[in-house]
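Visitor: This is the structure I want to talk about, given as structure tokens.
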Amino acid sequence: MTRVLSGIQPSGEIHIGNYLGAIKQWVELGERLGREAFFCIVDYHALTNPLAYDPATLARRTFEAALVNMAAGLNPEKVTLFVQSHVPEHTELSWVFTTLTPLGDLTRMTQFKDKAAKQEAVWSGLLMYPVLQAADILIYKADTVPVGEDQVQHIELTREIARRFNALFGETFPEPKALLNPEAPRVPGIDGKAKMSKSLGNTIGLLEDERSIWEKIRHLPDDPQRIRLADPGDPERTIVFTYLSYFAPKELVAALKEEYRKAGIGTLVVKRILFEELMKTLRPIRERAEELKKDPDYVMDALLEGAKRARAVAAATMEEVREKVGLLLPT
Ligand code: ATP
Ligand code: MG
């Protein structure tokens with residue numbers, strides 16, 4: 001692994017699924033790779049979701065997404081953290097990729113099918129989403145993409161796009177690999193069914209009000225086959241234990257599962273412990289976010305510095321691409 005890239009959409013409140021599936025890995029990789037770790041807030045991607053996108057709030061959400069990532073441990077002085085639209089080469093390369101991506105490859109993408117099913121009118125931006133994502137990754141010639149399981153299919157498509165470009169125009173791009181957090185590749189939403197997603201409203205936000213988080217935890221579905229408190233429960237049938245395993249020490253989880261199986265404890269007790277353990281992870285993130293909110297110039301300057309670094313790399317790749325595809329160069 002020599003260079004990583006990943007991104008997050010400013011499409012709503014950043015949640016524990018984003019944190020566990022993506023950001024936590026980004027922080028660790030950033031410590032190891034420094035500036036070779038590229039992370040971006042993908043604002044152009046967020047335009048593809050008409051339910052979440054509002055021109056009046058996009059800029060604020062983009063800024064806040066960057067701030068939350070920093071609060072969660074991404075150090076912009078070490079890694080390259082920037083906003084996608086500040087590096088216009090992403091969209092430029094995505095056009096070239098569009099011309100060599102079969103339509104059928106895009107219409108079979110699971111994310112496209114899921115999201116399109118929820119929209120009355122489906123715009124082609126949603127269909128092209130994975131092509132822009134391929135450009136985000138390949139413009140930096142990144143070899144590793146730390147993401148949640150939901151993005152694996154898109155990374156496979158990125159590999160195919162790289163392969164096709166290389167076959168047509170000569171060896172240019174690596175074939176990047178997805179990197180999952182084995183502990184939490186797909187965090188379920190609070191409904192216990194769908195993936196936790198900003199756009200589904202089934203989230204626990206990193207900066208969400210404590211009382212609101214507790215209310216959500218309190219209402220998490222129990223093992224449906226446990227009707228009375230005296231019934232033995234199956235910890236594998238409730239997301240209370242799924243969530244607990246993300247945040248509590250292994251021994252504590254094992255002991256509570258044992259008690260739950262014997263009907264020694266009710267779910268409410270486990271939920272209280274889950275809340276406490278979760279808040280141990282969230283409190284320091286909130287404290288750092290409060291500090292960063294007091295210094296918005298620091299956040300903005302860091303993003304501009306990140307974009308400058310990213311652009312130097314992206315511009316060089318784009319020059320190479322223009323030449324290889326045979327455009328008349330403005331020399
Ligand atoms: P949206 O609903 O707008 O698509 P999202 O919650 O899916 O939002 P994204 O910005 O699309 O978030 O994804 C950012 C990163 O978080 C990606 O790497 C994605 O794979 C990861 N991710 C998103 N949801 C989860 C989840 N529930 N579990 C694990 N990883 C996740
Ligand atoms: Mg998503």
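The chains in the structure tokens are called A, B, ... from first to last as shown; in each chain the residues are counted from 1, and the ligands are counted from 1 in the order shown.
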Using only C-alpha atoms, which residues sit within 8 Å of stretch 23-34 of chain A once same-chain residues fewer than 6 positions away are excluded, as a JSON list (two decimals) with C-alpha atoms, in the first residue's frame?
Guide:
[["chain", "number", "residue", "atom", "x", "y", "z"],
["A", 2, "THR", "CA", 1.54, 3.29, -1.05],
["A", 3, "ARG", "CA", -1.33, 5.71, -1.50],
["A", 4, "VAL", "CA", -4.92, 5.70, -0.28],
["A", 6, "SER", "CA", -11.45, 7.79, 0.19],
["A", 69, "ASN", "CA", -13.65, 14.24, 10.19],
["A", 72, "ALA", "CA", -12.85, 12.21, 14.70],
["A", 73, "GLY", "CA", -9.07, 12.21, 14.46],
["A", 74, "LEU", "CA", -8.05, 13.07, 10.89],
["A", 75, "ASN", "CA", -5.14, 15.43, 11.20],
["A", 78, "LYS", "CA", -0.54, 15.09, 8.28],
["A", 79, "VAL", "CA", -2.98, 13.79, 5.66],
["A", 80, "THR", "CA", -4.29, 15.46, 2.50],
["A", 146, "PRO", "CA", -10.76, 2.25, 2.70],
["A", 181, "ASN", "CA", -12.80, -2.66, 8.60]]
Visitor: Each residue of chain A lying at most 6 Å from ligand 1 should get a row with its shortest atom-to-atom pair and the distance in Å to one decimal, counting only C-alpha atoms and all ligand atoms; could you produce that, ordered by chain and increasing number, as a tab-separated table?
Guide:
residue	atom	partner	partner_atom_place_in_ligand_line	distance
A:Ile8	CA	ligand 1	10 (O)	3.8
A:Gln9	CA	ligand 1	10 (O)	3.7
A:Ser11	CA	ligand 1	3 (O)	4.8
A:Gly17	CA	ligand 1	26 (C)	3.9
A:Asn18	CA	ligand 1	16 (O)	3.9
A:Gly21	CA	ligand 1	30 (N)	3.5
A:Ala22	CA	ligand 1	18 (O)	4.9
A:Val147	CA	ligand 1	18 (O)	3.4
A:Gly148	CA	ligand 1	20 (O)	3.2
A:Glu149	CA	ligand 1	20 (O)	5.7
A:Asp150	CA	ligand 1	20 (O)	5.1
A:Gln151	CA	ligand 1	20 (O)	4.9
A:Pro185	CA	ligand 1	29 (C)	4.9
A:Arg186	CA	ligand 1	28 (N)	3.6
A:Val187	CA	ligand 1	28 (N)	3.7
A:Pro188	CA	ligand 1	27 (N)	5.5
A:Lys195	CA	ligand 1	27 (N)	4.5
A:Met196	CA	ligand 1	27 (N)	3.8
A:Ser197	CA	ligand 1	6 (O)	3.4
A:Lys198	CA	ligand 1	6 (O)	3.9
A:Ser199	CA	ligand 1	2 (O)	3.8
Visitor: Would you kindly return, as a ChimeraX atom specification, each protein, DNA or RNA residue with an atom no farther than 7 Å from any atom of A:Asp223, considering only C-alpha atoms and excluding same-chain residues fewer than 6 positions away?
Guide: /A:233-234,237-238
Visitor: Any chance you could export the current selection's N, CA and C atoms as a PDB file, in the first residue's frame?
Guide:
ATOM      1  N   GLY A 233     -32.999 -14.913  25.949  1.00  0.00           N
ATOM      2  CA  GLY A 233     -32.858 -14.126  24.708  1.00  0.00           C
ATOM      3  C   GLY A 233     -31.711 -14.646  23.858  1.00  0.00           C
ATOM      4  N   ASP A 234     -31.760 -14.318  22.568  1.00  0.00           N
ATOM      5  CA  ASP A 234     -30.650 -14.660  21.688  1.00  0.00           C
ATOM      6  C   ASP A 234     -29.969 -13.364  21.260  1.00  0.00           C
ATOM      7  N   ARG A 237     -29.930 -12.029  17.765  1.00  0.00           N
ATOM      8  CA  ARG A 237     -31.147 -11.563  17.097  1.00  0.00           C
ATOM      9  C   ARG A 237     -31.523 -10.122  17.440  1.00  0.00           C
ATOM     10  N   THR A 238     -30.612  -9.401  18.080  1.00  0.00           N
ATOM     11  CA  THR A 238     -30.902  -7.976  18.337  1.00  0.00           C
ATOM     12  C   THR A 238     -29.668  -7.118  18.059  1.00  0.00           C
TER      13      THR A 238
END
Visitor: Which residues are near A:Asp43? Cut-off 8 Å, only C-alpha atoms, ignore same chain within fewer than 3 positions. Put them as a list in words.
Guide: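 Returned residues: Gln9, Pro10, Ala46, Leu47, Leu58, Thr62, Val83, Gln84 and Ser85 of chain A.
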Visitor: Counting only C-alpha atoms and all ligand atoms, which of A:Asp114, A:Glu156, A:Glu64, A:Glu36 gets nearest to ligand 2?
Guide: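 Of A:Asp114, A:Glu156, A:Glu64, A:Glu36, the one nearest ligand 2, counting only C-alpha atoms and all ligand atoms, is A:Asp114.
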Visitor: When you look at stretch 268-280 of chain A with a cut-off of 6 Å (counting only C-alpha atoms), what residues show up, excluding the ones that are within fewer than 4 positions of it in the same chain? I need them as a ChimeraX atom specification.
Guide: /A:244,247-248
Visitor: I'd like to know which of A:Gly7, A:Pro76, A:Gly205, A:Pro88 is closest to A:Leu304, using only C-alpha atoms.
Guide: A:Pro76
Visitor: Which polymer residues have any atom within 12 Å of an atom of A:Thr267, counting only C-alpha atoms, with same-chain residues fewer than 5 positions away left out, as a ChimeraX atom specification?
Guide: /A:217-224,226-235,238-241,244,256-257,259-261,272-274
Visitor: Could the residues in this selection be written to a file with C-alpha atoms, as a PDB file, in the first residue's frame?
Guide:
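Writing done, so here's out-v7.pdb:
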ATOM      1  CA  ILE A 217     -31.005   3.304  21.841  1.00  0.00           C
ATOM      2  CA  ARG A 218     -33.936   2.852  24.198  1.00  0.00           C
ATOM      3  CA  HIS A 219     -36.180   2.011  21.240  1.00  0.00           C
ATOM      4  CA  LEU A 220     -33.782  -0.383  19.476  1.00  0.00           C
ATOM      5  CA  PRO A 221     -35.631  -3.589  18.575  1.00  0.00           C
ATOM      6  CA  ASP A 222     -35.204  -6.467  21.017  1.00  0.00           C
ATOM      7  CA  ASP A 223     -34.950 -10.169  20.127  1.00  0.00           C
ATOM      8  CA  PRO A 224     -38.473 -10.546  18.640  1.00  0.00           C
ATOM      9  CA  ARG A 226     -38.274 -12.746  23.693  1.00  0.00           C
ATOM     10  CA  ILE A 227     -41.727 -11.754  24.851  1.00  0.00           C
ATOM     11  CA  ARG A 228     -41.421 -11.771  28.647  1.00  0.00           C
ATOM     12  CA  LEU A 229     -38.403 -10.782  30.701  1.00  0.00           C
ATOM     13  CA  ALA A 230     -38.124 -14.364  31.960  1.00  0.00           C
ATOM     14  CA  ASP A 231     -37.694 -15.703  28.405  1.00  0.00           C
ATOM     15  CA  PRO A 232     -34.121 -16.509  27.427  1.00  0.00           C
ATOM     16  CA  GLY A 233     -32.858 -14.126  24.708  1.00  0.00           C
ATOM     17  CA  ASP A 234     -30.650 -14.660  21.688  1.00  0.00           C
ATOM     18  CA  PRO A 235     -28.069 -11.856  21.473  1.00  0.00           C
ATOM     19  CA  THR A 238     -30.902  -7.976  18.337  1.00  0.00           C
ATOM     20  CA  ILE A 239     -28.736  -5.116  17.092  1.00  0.00           C
ATOM     21  CA  VAL A 240     -28.275  -3.990  20.688  1.00  0.00           C
ATOM     22  CA  PHE A 241     -25.460  -6.535  20.913  1.00  0.00           C
ATOM     23  CA  LEU A 244     -22.344  -3.124  21.849  1.00  0.00           C
ATOM     24  CA  LEU A 256     -23.587  -9.633  28.992  1.00  0.00           C
ATOM     25  CA  LYS A 257     -24.448 -12.071  26.188  1.00  0.00           C
ATOM     26  CA  GLU A 259     -26.582 -13.198  31.096  1.00  0.00           C
ATOM     27  CA  TYR A 260     -28.996 -12.309  28.289  1.00  0.00           C
ATOM     28  CA  ARG A 261     -29.124 -15.929  27.143  1.00  0.00           C
ATOM     29  CA  ARG A 272     -27.850   1.581  29.317  1.00  0.00           C
ATOM     30  CA  ILE A 273     -24.405  -0.004  29.136  1.00  0.00           C
ATOM     31  CA  LEU A 274     -24.355   0.409  25.359  1.00  0.00           C
TER      32      LEU A 274
END
Visitor: So how far away is atom CA of A:Asp136 from atom CA of A:Lys324, in Å?
Guide: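 Computing the Euclidean distance for atom CA of A:Lys324 and atom CA of A:Asp136 yields 18.8 Å.
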Visitor: For A:Glu290, which residue out of A:Met70, A:Leu20, A:Arg61, A:Gln153 is the nearest one, using only C-alpha atoms?
Guide: A:Met70
Visitor: Would you please work out which residue, of A:Phe63, A:Phe97, A:Trp123, A:Tyr129, is nearest to ligand 2 when using only C-alpha atoms and all ligand atoms?
Guide: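 Between A:Phe63, A:Phe97, A:Trp123, A:Tyr129, the residue approaching ligand 2 most closely is A:Tyr129.
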Visitor: Using DSSP secondary structure from the backbone, list all helix (DSSP H, G or I) positions within stretch 26-85 of chain A, as a PyMOL selection string.
Guide: chain A and resi 26-36+43-46+58-71+84-85
Visitor: Take the residues just selected and output them with N, CA and C atoms as a PDB file, in the first residue's frame.
Guide:
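What follows is the written file selection31.pdb:
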ATOM      1  N   TRP A  26      -9.489   5.524   8.202  1.00  0.00           N
ATOM      2  CA  TRP A  26      -8.773   6.658   7.591  1.00  0.00           C
ATOM      3  C   TRP A  26      -7.764   7.246   8.587  1.00  0.00           C
ATOM      4  N   VAL A  27      -8.204   7.334   9.841  1.00  0.00           N
ATOM      5  CA  VAL A  27      -7.335   7.925  10.864  1.00  0.00           C
ATOM      6  C   VAL A  27      -6.076   7.066  11.008  1.00  0.00           C
ATOM      7  N   GLU A  28      -6.262   5.748  11.077  1.00  0.00           N
ATOM      8  CA  GLU A  28      -5.102   4.850  11.231  1.00  0.00           C
ATOM      9  C   GLU A  28      -4.180   4.912  10.013  1.00  0.00           C
ATOM     10  N   LEU A  29      -4.786   4.908   8.817  1.00  0.00           N
ATOM     11  CA  LEU A  29      -3.974   4.956   7.594  1.00  0.00           C
ATOM     12  C   LEU A  29      -3.252   6.291   7.468  1.00  0.00           C
ATOM     13  N   GLY A  30      -3.921   7.344   7.895  1.00  0.00           N
ATOM     14  CA  GLY A  30      -3.317   8.677   7.855  1.00  0.00           C
ATOM     15  C   GLY A  30      -2.072   8.734   8.728  1.00  0.00           C
ATOM     16  N   GLU A  31      -2.136   8.058   9.892  1.00  0.00           N
ATOM     17  CA  GLU A  31      -0.969   8.031  10.781  1.00  0.00           C
ATOM     18  C   GLU A  31       0.201   7.334  10.096  1.00  0.00           C
ATOM     19  N   ARG A  32      -0.118   6.296   9.302  1.00  0.00           N
ATOM     20  CA  ARG A  32       0.943   5.515   8.652  1.00  0.00           C
ATOM     21  C   ARG A  32       1.477   6.177   7.385  1.00  0.00           C
ATOM     22  N   LEU A  33       0.567   6.777   6.599  1.00  0.00           N
ATOM     23  CA  LEU A  33       0.972   7.237   5.259  1.00  0.00           C
ATOM     24  C   LEU A  33       1.132   8.749   5.124  1.00  0.00           C
ATOM     25  N   GLY A  34       0.690   9.505   6.116  1.00  0.00           N
ATOM     26  CA  GLY A  34       0.835  10.962   6.060  1.00  0.00           C
ATOM     27  C   GLY A  34       0.169  11.549   4.826  1.00  0.00           C
ATOM     28  N   ARG A  35       0.914  12.351   4.080  1.00  0.00           N
ATOM     29  CA  ARG A  35       0.339  13.054   2.918  1.00  0.00           C
ATOM     30  C   ARG A  35      -0.097  12.138   1.796  1.00  0.00           C
ATOM     31  N   GLU A  36       0.385  10.899   1.820  1.00  0.00           N
ATOM     32  CA  GLU A  36      -0.026   9.943   0.782  1.00  0.00           C
ATOM     33  C   GLU A  36      -1.441   9.411   1.052  1.00  0.00           C
ATOM     34  N   ASP A  43     -18.478  16.703  -2.520  1.00  0.00           N
ATOM     35  CA  ASP A  43     -19.678  17.534  -2.658  1.00  0.00           C
ATOM     36  C   ASP A  43     -20.386  17.340  -3.998  1.00  0.00           C
ATOM     37  N   TYR A  44     -19.624  17.100  -5.079  1.00  0.00           N
ATOM     38  CA  TYR A  44     -20.292  16.863  -6.368  1.00  0.00           C
ATOM     39  C   TYR A  44     -21.135  15.580  -6.314  1.00  0.00           C
ATOM     40  N   HIS A  45     -20.681  14.593  -5.559  1.00  0.00           N
ATOM     41  CA  HIS A  45     -21.487  13.380  -5.417  1.00  0.00           C
ATOM     42  C   HIS A  45     -22.815  13.673  -4.719  1.00  0.00           C
ATOM     43  N   ALA A  46     -22.762  14.594  -3.752  1.00  0.00           N
ATOM     44  CA  ALA A  46     -23.974  14.884  -2.968  1.00  0.00           C
ATOM     45  C   ALA A  46     -25.066  15.532  -3.822  1.00  0.00           C
ATOM     46  N   LEU A  58     -25.693  23.175   1.288  1.00  0.00           N
ATOM     47  CA  LEU A  58     -24.580  22.314   0.857  1.00  0.00           C
ATOM     48  C   LEU A  58     -23.220  22.813   1.361  1.00  0.00           C
ATOM     49  N   ALA A  59     -22.962  24.111   1.233  1.00  0.00           N
ATOM     50  CA  ALA A  59     -21.654  24.647   1.639  1.00  0.00           C
ATOM     51  C   ALA A  59     -21.435  24.418   3.139  1.00  0.00           C
ATOM     52  N   ARG A  60     -22.466  24.693   3.935  1.00  0.00           N
ATOM     53  CA  ARG A  60     -22.331  24.504   5.385  1.00  0.00           C
ATOM     54  C   ARG A  60     -22.089  23.027   5.711  1.00  0.00           C
ATOM     55  N   ARG A  61     -22.843  22.166   5.049  1.00  0.00           N
ATOM     56  CA  ARG A  61     -22.684  20.734   5.305  1.00  0.00           C
ATOM     57  C   ARG A  61     -21.303  20.218   4.899  1.00  0.00           C
ATOM     58  N   THR A  62     -20.784  20.789   3.822  1.00  0.00           N
ATOM     59  CA  THR A  62     -19.452  20.375   3.348  1.00  0.00           C
ATOM     60  C   THR A  62     -18.408  20.756   4.394  1.00  0.00           C
ATOM     61  N   PHE A  63     -18.541  21.993   4.880  1.00  0.00           N
ATOM     62  CA  PHE A  63     -17.615  22.478   5.904  1.00  0.00           C
ATOM     63  C   PHE A  63     -17.724  21.615   7.170  1.00  0.00           C
ATOM     64  N   GLU A  64     -18.963  21.339   7.573  1.00  0.00           N
ATOM     65  CA  GLU A  64     -19.172  20.546   8.799  1.00  0.00           C
ATOM     66  C   GLU A  64     -18.653  19.122   8.652  1.00  0.00           C
ATOM     67  N   ALA A  65     -18.812  18.566   7.446  1.00  0.00           N
ATOM     68  CA  ALA A  65     -18.305  17.202   7.228  1.00  0.00           C
ATOM     69  C   ALA A  65     -16.791  17.176   7.424  1.00  0.00           C
ATOM     70  N   ALA A  66     -16.121  18.212   6.929  1.00  0.00           N
ATOM     71  CA  ALA A  66     -14.661  18.293   7.106  1.00  0.00           C
ATOM     72  C   ALA A  66     -14.332  18.424   8.591  1.00  0.00           C
ATOM     73  N   LEU A  67     -15.099  19.275   9.268  1.00  0.00           N
ATOM     74  CA  LEU A  67     -14.858  19.509  10.694  1.00  0.00           C
ATOM     75  C   LEU A  67     -15.054  18.226  11.507  1.00  0.00           C
ATOM     76  N   VAL A  68     -16.095  17.477  11.193  1.00  0.00           N
ATOM     77  CA  VAL A  68     -16.364  16.237  11.940  1.00  0.00           C
ATOM     78  C   VAL A  68     -15.242  15.218  11.706  1.00  0.00           C
ATOM     79  N   ASN A  69     -14.771  15.144  10.476  1.00  0.00           N
ATOM     80  CA  ASN A  69     -13.651  14.238  10.191  1.00  0.00           C
ATOM     81  C   ASN A  69     -12.414  14.614  10.991  1.00  0.00           C
ATOM     82  N   MET A  70     -12.163  15.898  11.085  1.00  0.00           N
ATOM     83  CA  MET A  70     -11.015  16.348  11.883  1.00  0.00           C
ATOM     84  C   MET A  70     -11.245  16.019  13.357  1.00  0.00           C
ATOM     85  N   ALA A  71     -12.471  16.257  13.812  1.00  0.00           N
ATOM     86  CA  ALA A  71     -12.791  15.979  15.218  1.00  0.00           C
ATOM     87  C   ALA A  71     -12.658  14.485  15.518  1.00  0.00           C
ATOM     88  N   GLN A  84     -13.824  17.968  -2.795  1.00  0.00           N
ATOM     89  CA  GLN A  84     -13.769  17.473  -4.179  1.00  0.00           C
ATOM     90  C   GLN A  84     -13.875  18.596  -5.215  1.00  0.00           C
ATOM     91  N   SER A  85     -14.837  19.505  -5.044  1.00  0.00           N
ATOM     92  CA  SER A  85     -15.047  20.534  -6.070  1.00  0.00           C
ATOM     93  C   SER A  85     -13.906  21.550  -6.128  1.00  0.00           C
TER      94      SER A  85
END
Visitor: I want to know what sits within 10 Å of A:Gln119, based on only C-alpha atoms, with residues of the same chain fewer than 5 positions away left out; could you give that as a list of chain:residue names?
Guide: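 These residues fall inside the cut-off: A:Asn49, A:Pro50, A:Leu51, A:Asp114.
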Visitor: Check stretch 73-233 of chain A with DSSP on the backbone and list each residue it calls strand (DSSP E or B), as a list in words.
Guide: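 Strand (DSSP E or B) assignments inside stretch 73-233 of chain A correspond to Thr80, Leu81, Phe82, Val83, Thr144, Val145, Pro146, Lys177, Ala178, Leu179, Pro188, Lys195 and Gly205 of chain A.
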Visitor: Compare A:Ala162, A:Leu132, A:Leu200, A:Ala184 by their minimum atom-to-atom distance to ligand 2, counting only C-alpha atoms and all ligand atoms, and give me the closest one.
Guide: A:Leu200
Visitor: Of the residues A:Leu180, A:Met1, A:Val253, A:Val42, which is the one nearest to ligand 2, using only C-alpha atoms and all ligand atoms?
Guide: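 Under the stated criterion, the closest residue is A:Val42.
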Visitor: One decimal, Å: what's the distance from atom CA of A:Glu323 over to atom CA of A:Ser94, could you say?
Guide: 15.8 Å
Visitor: What separation in Å, quoted to one decimal, exists between atom CA of A:Thr242 and atom CA of A:Ser212?
Guide: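 Taking atom CA of A:Thr242 as the start and atom CA of A:Ser212 as the end point, the length is 19.7 Å.
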